[in-house]
file upload.pdb (PDB, C-alpha atoms)
ATOM      1  CA  MET Y1486       9.470  20.687  46.587
ATOM      2  CA  LYS Y1487      12.771  20.403  44.702
ATOM      3  CA  ASN Y1488      12.360  16.614  44.655
ATOM      4  CA  VAL Y1489       8.877  16.899  43.153
ATOM      5  CA  VAL Y1490      10.080  19.278  40.425
ATOM      6  CA  PHE Y1491      13.100  17.050  39.731
ATOM      7  CA  ALA Y1492      10.844  13.977  39.521
ATOM      8  CA  ALA Y1493       8.492  15.766  37.107
ATOM      9  CA  VAL Y1494      11.375  16.894  34.880
ATOM     10  CA  LEU Y1495      12.845  13.383  34.966
ATOM     11  CA  CYS Y1496       9.483  11.845  33.973
ATOM     12  CA  VAL Y1497       9.092  14.263  31.082
ATOM     13  CA  ALA Y1498      12.654  13.594  29.932
ATOM     14  CA  LEU Y1499      12.227   9.828  30.164
ATOM     15  CA  SER Y1500       8.863   9.840  28.412
ATOM     16  CA  GLY Y1501      10.427  11.818  25.569
ATOM     17  CA  PHE Y1502      13.224   9.289  25.400
ATOM     18  CA  VAL Y1503      10.848   6.332  25.332
ATOM     19  CA  PHE Y1504       8.734   7.805  22.504
ATOM     20  CA  ALA Y1505      11.518   9.529  20.587
ATOM     21  CA  GLY Y1506      11.640   6.838  17.892
ATOM     22  CA  GLU Y1507       7.892   6.423  17.484
ATOM     23  CA  THR Y1508       6.658   6.625  13.908
ATOM     24  CA  THR Y1509       3.126   7.368  12.740
ATOM     25  CA  VAL Y1510       2.237   6.638   9.131
ATOM     26  CA  VAL Y1511      -1.147   7.182   7.505
ATOM     27  CA  VAL Y1512      -1.945   4.904   4.573
ATOM     28  CA  SER Y1513      -4.691   6.536   2.475
ATOM     29  CA  HIS Y1514      -6.855   5.292  -0.399
ATOM     30  CA  VAL Y1515      -6.964   1.693   0.844
ATOM     31  CA  HIS Y1516      -9.906  -0.259  -0.565
ATOM     32  CA  LEU Y1517     -12.147  -0.803   2.479
ATOM     33  CA  CYS Y1518     -15.664  -1.287   1.126
ATOM     34  CA  CYS Y1519     -17.017  -3.641   3.801
ATOM     35  CA  LYS Y1520     -16.439  -5.316   7.159
ATOM     36  CA  SER Y1521     -14.573  -8.168   5.462
ATOM     37  CA  CYS Y1522     -12.086  -5.691   3.968
ATOM     38  CA  VAL Y1523     -11.527  -4.200   7.429
ATOM     39  CA  ASP Y1524     -11.161  -7.695   8.890
ATOM     40  CA  GLY Y1525      -8.596  -8.519   6.194
ATOM     41  CA  VAL Y1526      -6.425  -5.527   7.123
ATOM     42  CA  THR Y1527      -6.793  -6.443  10.795
ATOM     43  CA  GLN Y1528      -5.635 -10.004  10.054
ATOM     44  CA  ALA Y1529      -2.681  -8.708   8.054
ATOM     45  CA  LEU Y1530      -1.548  -6.359  10.824
ATOM     46  CA  LYS Y1531      -2.427  -8.184  14.043
ATOM     47  CA  ASP Y1532       0.862 -10.069  14.344
ATOM     48  CA  VAL Y1533       3.206  -7.302  13.165
ATOM     49  CA  ALA Y1534       5.498  -6.583  16.122
ATOM     50  CA  ASP Y1535       5.636  -3.122  17.694
ATOM     51  CA  VAL Y1536       2.749  -1.693  15.639
ATOM     52  CA  LYS Y1537      -0.664  -0.402  16.672
ATOM     53  CA  PHE Y1538      -3.224   0.534  14.057
ATOM     54  CA  VAL Y1539      -6.549   2.246  13.528
ATOM     55  CA  ILE Y1540      -8.657   1.432  10.476
ATOM     56  CA  GLU Y1541     -11.068   4.095   9.237
ATOM     57  CA  LYS Y1542     -13.391   2.392   6.762
ATOM     58  CA  ASP Y1543     -15.326   5.530   5.789
ATOM     59  CA  THR Y1544     -12.204   7.543   4.940
ATOM     60  CA  GLU Y1545     -10.261   4.548   3.555
ATOM     61  CA  LYS Y1546      -7.321   5.175   5.883
ATOM     62  CA  VAL Y1547      -5.157   2.993   8.068
ATOM     63  CA  THR Y1548      -3.100   4.829  10.686
ATOM     64  CA  LEU Y1549      -0.040   2.931  11.887
ATOM     65  CA  THR Y1550       1.801   3.835  15.063
ATOM     66  CA  ALA Y1551       5.061   1.937  15.281
ATOM     67  CA  LYS Y1552       8.172   1.735  17.402
ATOM     68  CA  ASP Y1553      10.246   2.903  14.430
ATOM     69  CA  ASN Y1554      10.290   3.160  10.634
ATOM     70  CA  ALA Y1555      11.316  -0.488  10.237
ATOM     71  CA  SER Y1556       8.267  -1.670  12.184
ATOM     72  CA  ALA Y1557       5.994   0.674  10.224
ATOM     73  CA  GLN Y1558       7.476  -0.640   6.957
ATOM     74  CA  ALA Y1559       6.822  -4.215   8.111
ATOM     75  CA  ALA Y1560       3.162  -3.251   8.642
ATOM     76  CA  VAL Y1561       2.880  -1.641   5.197
ATOM     77  CA  ASP Y1562       4.517  -4.734   3.668
ATOM     78  CA  ALA Y1563       2.024  -6.959   5.527
ATOM     79  CA  MET Y1564      -0.884  -4.951   4.090
ATOM     80  CA  ALA Y1565       0.558  -5.314   0.586
ATOM     81  CA  GLY Y1566       1.077  -9.023   1.162
ATOM     82  CA  ALA Y1567      -2.624  -9.313   1.950
ATOM     83  CA  GLY Y1568      -3.545  -7.528  -1.288
ATOM     84  CA  TYR Y1569      -4.145  -3.987   0.019
ATOM     85  CA  GLN Y1570      -2.539  -0.877  -1.465
ATOM     86  CA  GLY Y1571      -2.502   2.765  -0.456
ATOM     87  CA  SER Y1572      -0.470   5.949  -0.388
ATOM     88  CA  THR Y1573       1.641   6.672   2.668
ATOM     89  CA  ASP Y1574       2.292  10.117   4.065
ATOM     90  CA  SER Y1575       5.941   9.181   4.667
ATOM     91  CA  LYS Y1576       9.011   9.389   2.465
ATOM     92  CA  ASP Y1577      10.662   6.631   4.535
ATOM     93  CA  VAL Y1578       7.784   4.126   4.765
ATOM     94  CA  VAL Y1579       6.283   3.337   1.362
ATOM     95  CA  MET Y1580       4.291   0.812  -0.613
ATOM     96  CA  LYS Y1581       6.838  -1.003  -2.725
ATOM     97  CA  ASP Y1582       6.346  -1.784  -6.399
ATOM     98  CA  ASN Y1583       6.930  -5.504  -6.311
ATOM     99  CA  SER Y1584       4.230  -6.439  -8.801
ATOM    100  CA  GLY Y1585       6.571  -8.017 -11.317
ATOM    101  CA  ALA Y1586       4.635  -6.433 -14.185
ATOM    102  CA  PRO Y1587       6.598  -6.478 -17.443
ATOM    103  CA  GLU Y1588       7.374  -3.332 -19.412
ATOM    104  CA  GLY Y1589       5.224  -2.523 -22.416
ATOM    105  CA  LYS Y1590       2.119  -3.990 -23.966
ATOM    106  CA  VAL Y1591       0.900  -7.529 -23.390
ATOM    107  CA  LYS Y1592      -2.010  -9.617 -24.638
ATOM    108  CA  LYS Y1593      -2.630 -11.391 -21.324
ATOM    109  CA  LEU Y1594      -1.708 -10.769 -17.715
ATOM    110  CA  GLU Y1595      -2.164 -13.130 -14.762
ATOM    111  CA  VAL Y1596      -2.847 -11.118 -11.602
ATOM    112  CA  SER Y1597      -2.645 -12.724  -8.161
ATOM    113  CA  ASN Y1598      -2.525 -11.983  -4.444
ATOM    114  CA  ILE Y1599      -5.168  -9.272  -4.629
ATOM    115  CA  HIS Y1600      -7.713  -8.625  -1.908
ATOM    116  CA  ASN Y1601     -11.150  -9.459  -3.340
ATOM    117  CA  CYS Y1602     -13.574 -10.487  -0.601
ATOM    118  CA  CYS Y1603     -16.914  -9.518  -2.143
ATOM    119  CA  GLY Y1604     -18.871  -8.224  -5.122
ATOM    120  CA  LYS Y1605     -18.046  -4.597  -4.271
ATOM    121  CA  CYS Y1606     -14.324  -5.436  -4.385
ATOM    122  CA  THR Y1607     -14.773  -7.182  -7.735
ATOM    123  CA  THR Y1608     -16.708  -4.226  -9.137
ATOM    124  CA  ALA Y1609     -13.917  -1.848  -8.065
ATOM    125  CA  ILE Y1610     -11.279  -4.188  -9.548
ATOM    126  CA  GLU Y1611     -13.146  -4.443 -12.857
ATOM    127  CA  LYS Y1612     -13.679  -0.679 -13.023
ATOM    128  CA  ALA Y1613      -9.961  -0.054 -12.436
ATOM    129  CA  ILE Y1614      -8.862  -2.622 -15.006
ATOM    130  CA  LYS Y1615     -11.328  -1.494 -17.660
ATOM    131  CA  SER Y1616     -10.087   2.093 -17.316
ATOM    132  CA  VAL Y1617      -6.829   0.991 -18.980
ATOM    133  CA  PRO Y1618      -6.865   1.470 -22.767
ATOM    134  CA  GLY Y1619      -6.770  -1.818 -24.670
ATOM    135  CA  VAL Y1620      -8.193  -4.064 -21.945
ATOM    136  CA  ALA Y1621     -10.846  -6.314 -23.471
ATOM    137  CA  SER Y1622     -11.801  -8.623 -20.589
ATOM    138  CA  THR Y1623     -11.043  -9.904 -17.130
ATOM    139  CA  THR Y1624     -11.937 -13.092 -15.279
ATOM    140  CA  ALA Y1625     -12.175 -11.392 -11.855
ATOM    141  CA  LYS Y1626     -14.837 -12.998  -9.649
ATOM    142  CA  PRO Y1627     -15.810 -12.293  -6.023
ATOM    143  CA  LYS Y1628     -13.721 -14.099  -3.378
ATOM    144  CA  ILE Y1629     -11.097 -15.146  -5.949
ATOM    145  CA  THR Y1630      -7.667 -13.547  -5.449
ATOM    146  CA  SER Y1631      -6.262 -14.428  -8.899
ATOM    147  CA  PHE Y1632      -7.586 -13.625 -12.351
ATOM    148  CA  SER Y1633      -6.480 -12.847 -15.881
ATOM    149  CA  VAL Y1634      -6.754  -9.705 -17.964
ATOM    150  CA  GLU Y1635      -6.815  -9.907 -21.768
ATOM    151  CA  GLY Y1636      -6.564  -7.455 -24.646
ATOM    152  CA  ASP Y1637      -3.685  -5.357 -25.960
ATOM    153  CA  PHE Y1638      -2.638  -3.133 -23.083
ATOM    154  CA  ASP Y1639       0.233  -1.846 -20.975
ATOM    155  CA  ALA Y1640       0.829  -4.284 -18.085
ATOM    156  CA  LYS Y1641       2.184  -1.634 -15.711
ATOM    157  CA  ALA Y1642      -0.871   0.543 -16.417
ATOM    158  CA  VAL Y1643      -3.139  -2.269 -15.173
ATOM    159  CA  VAL Y1644      -1.116  -2.610 -11.978
ATOM    160  CA  LYS Y1645      -1.149   1.177 -11.476
ATOM    161  CA  ALA Y1646      -4.923   1.303 -11.973
ATOM    162  CA  LEU Y1647      -5.374  -1.466  -9.374
ATOM    163  CA  ASN Y1648      -2.980   0.277  -6.963
ATOM    164  CA  ASP Y1649      -4.823   3.574  -7.407
ATOM    165  CA  ALA Y1650      -8.075   1.750  -6.553
ATOM    166  CA  GLY Y1651      -6.545   0.457  -3.285
ATOM    167  CA  PHE Y1652      -5.501  -3.040  -4.362
ATOM    168  CA  HIS Y1653      -1.958  -4.450  -4.276
ATOM    169  CA  ALA Y1654      -1.366  -6.946  -7.080
ATOM    170  CA  THR Y1655       1.318  -9.375  -8.101
ATOM    171  CA  VAL Y1656       1.786 -10.491 -11.685
ATOM    172  CA  LYS Y1657       2.561 -14.141 -12.362
TER
END
call {"tool": "encode", "arguments": {"input": "upload.pdb", "output": "structure tokens"}}
result
Amino acid sequence: MKNVVFAAVLCVALSGFVFAGETTVVVSHVHLCCKSCVDGVTQALKDVADVKFVIEKDTEKVTLTAKDNASAQAAVDAMAGAGYQGSTDSKDVVMKDNSGAPEGKVKKLEVSNIHNCCGKCTTAIEKAIKSVPGVASTTAKPKITSFSVEGDFDAKAVVKALNDAGFHATVK
């Protein structure tokens, strides 16, 4: 009986040791309007080492379970690299602001590397961009990941509006 109890305690101790570094991060407000959006996140995450993920289209969430914070950050970076943005529930694993948007007002902004697989994505992109004061037009079209924005507007405000709508953007 003592051996059985010892074995059970040892298993519990070892399982705690094995999972001690595990990190779970929920990325919320990711633009996931259709199956192609979900497939895009899957493609972005499928080769990230030491990360498992669950995509919840209806709630616009991606839950990452990783070996550690570094692996979780690699997954978040992969999502951003594929044009997806969201808010993480972690202070250690975050979406980085690497847009390259200049400070202040501009007349034209070239946006690239944004997820835009369908008409619903384009509609959400246009709605976000047009919510920024001073934006006059955009050349966003379905299935095109680069476009321009024109008017007299704050460049960082455009990027923030896109981020808030679930899209990660880079400025050329």
call {"tool": "residues_around", "arguments": {"input": "upload.pdb", "residues": "Ser1633 in chain Y", "least_positions_apart": "2", "cutoff": "8 Å", "atoms": "all atoms listed in the file", "output": "PyMOL selection string"}}
result
chain Y and resi 1593-1596+1623-1625+1631+1635
call {"tool": "resolve_selection", "arguments": {"input": "upload.pdb", "expression": "the PyMOL selection byres ((chain Y and resi 1607-1621) around 12)", "output": "number ranges by chain"}}
result
Y: 1515-1518, 1568-1569, 1590-1594, 1596, 1599-1606, 1622-1654
call {"tool": "write_last_selection", "arguments": {"input": "upload.pdb", "atoms": "C-alpha atoms", "output": "short mmCIF file (atom, residue, chain, number, x, y, z; two decimals), in the coordinates of the input"}}
result
data_model
loop_
_atom_site.label_atom_id
_atom_site.label_comp_id
_atom_site.auth_asym_id
_atom_site.auth_seq_id
_atom_site.Cartn_x
_atom_site.Cartn_y
_atom_site.Cartn_z
CA VAL Y 1515 -6.96 1.69 0.84
CA HIS Y 1516 -9.91 -0.26 -0.56
CA LEU Y 1517 -12.15 -0.80 2.48
CA CYS Y 1518 -15.66 -1.29 1.13
CA GLY Y 1568 -3.54 -7.53 -1.29
CA TYR Y 1569 -4.14 -3.99 0.02
CA LYS Y 1590 2.12 -3.99 -23.97
CA VAL Y 1591 0.90 -7.53 -23.39
CA LYS Y 1592 -2.01 -9.62 -24.64
CA LYS Y 1593 -2.63 -11.39 -21.32
CA LEU Y 1594 -1.71 -10.77 -17.72
CA VAL Y 1596 -2.85 -11.12 -11.60
CA ILE Y 1599 -5.17 -9.27 -4.63
CA HIS Y 1600 -7.71 -8.62 -1.91
CA ASN Y 1601 -11.15 -9.46 -3.34
CA CYS Y 1602 -13.57 -10.49 -0.60
CA CYS Y 1603 -16.91 -9.52 -2.14
CA GLY Y 1604 -18.87 -8.22 -5.12
CA LYS Y 1605 -18.05 -4.60 -4.27
CA CYS Y 1606 -14.32 -5.44 -4.38
CA SER Y 1622 -11.80 -8.62 -20.59
CA THR Y 1623 -11.04 -9.90 -17.13
CA THR Y 1624 -11.94 -13.09 -15.28
CA ALA Y 1625 -12.18 -11.39 -11.86
CA LYS Y 1626 -14.84 -13.00 -9.65
CA PRO Y 1627 -15.81 -12.29 -6.02
CA LYS Y 1628 -13.72 -14.10 -3.38
CA ILE Y 1629 -11.10 -15.15 -5.95
CA THR Y 1630 -7.67 -13.55 -5.45
CA SER Y 1631 -6.26 -14.43 -8.90
CA PHE Y 1632 -7.59 -13.62 -12.35
CA SER Y 1633 -6.48 -12.85 -15.88
CA VAL Y 1634 -6.75 -9.70 -17.96
CA GLU Y 1635 -6.82 -9.91 -21.77
CA GLY Y 1636 -6.56 -7.46 -24.65
CA ASP Y 1637 -3.68 -5.36 -25.96
CA PHE Y 1638 -2.64 -3.13 -23.08
CA ASP Y 1639 0.23 -1.85 -20.98
CA ALA Y 1640 0.83 -4.28 -18.08
CA LYS Y 1641 2.18 -1.63 -15.71
CA ALA Y 1642 -0.87 0.54 -16.42
CA VAL Y 1643 -3.14 -2.27 -15.17
CA VAL Y 1644 -1.12 -2.61 -11.98
CA LYS Y 1645 -1.15 1.18 -11.48
CA ALA Y 1646 -4.92 1.30 -11.97
CA LEU Y 1647 -5.37 -1.47 -9.37
CA ASN Y 1648 -2.98 0.28 -6.96
CA ASP Y 1649 -4.82 3.57 -7.41
CA ALA Y 1650 -8.07 1.75 -6.55
CA GLY Y 1651 -6.54 0.46 -3.28
CA PHE Y 1652 -5.50 -3.04 -4.36
CA HIS Y 1653 -1.96 -4.45 -4.28
CA ALA Y 1654 -1.37 -6.95 -7.08
#
call {"tool": "closest_residue", "arguments": {"input": "upload.pdb", "among": "Y:Cys1522, Y:Ala1565, Y:Val1512, Y:Ala1557", "to": "Val1578 in chain Y", "atoms": "only C-alpha atoms"}}
result
Y:Ala1557
call {"tool": "closest_residue", "arguments": {"input": "upload.pdb", "among": "Y:Ala1586, Y:Cys1519, Y:Val1526, Y:Leu1549", "to": "Gln1570 in chain Y", "atoms": "all atoms listed in the file"}}
result
Y:Val1526
call {"tool": "atom_distance", "arguments": {"input": "upload.pdb", "atom1": "CA of Lys1537 in chain Y", "atom2": "CA of Gln1558 in chain Y"}}
result
12.7 Å
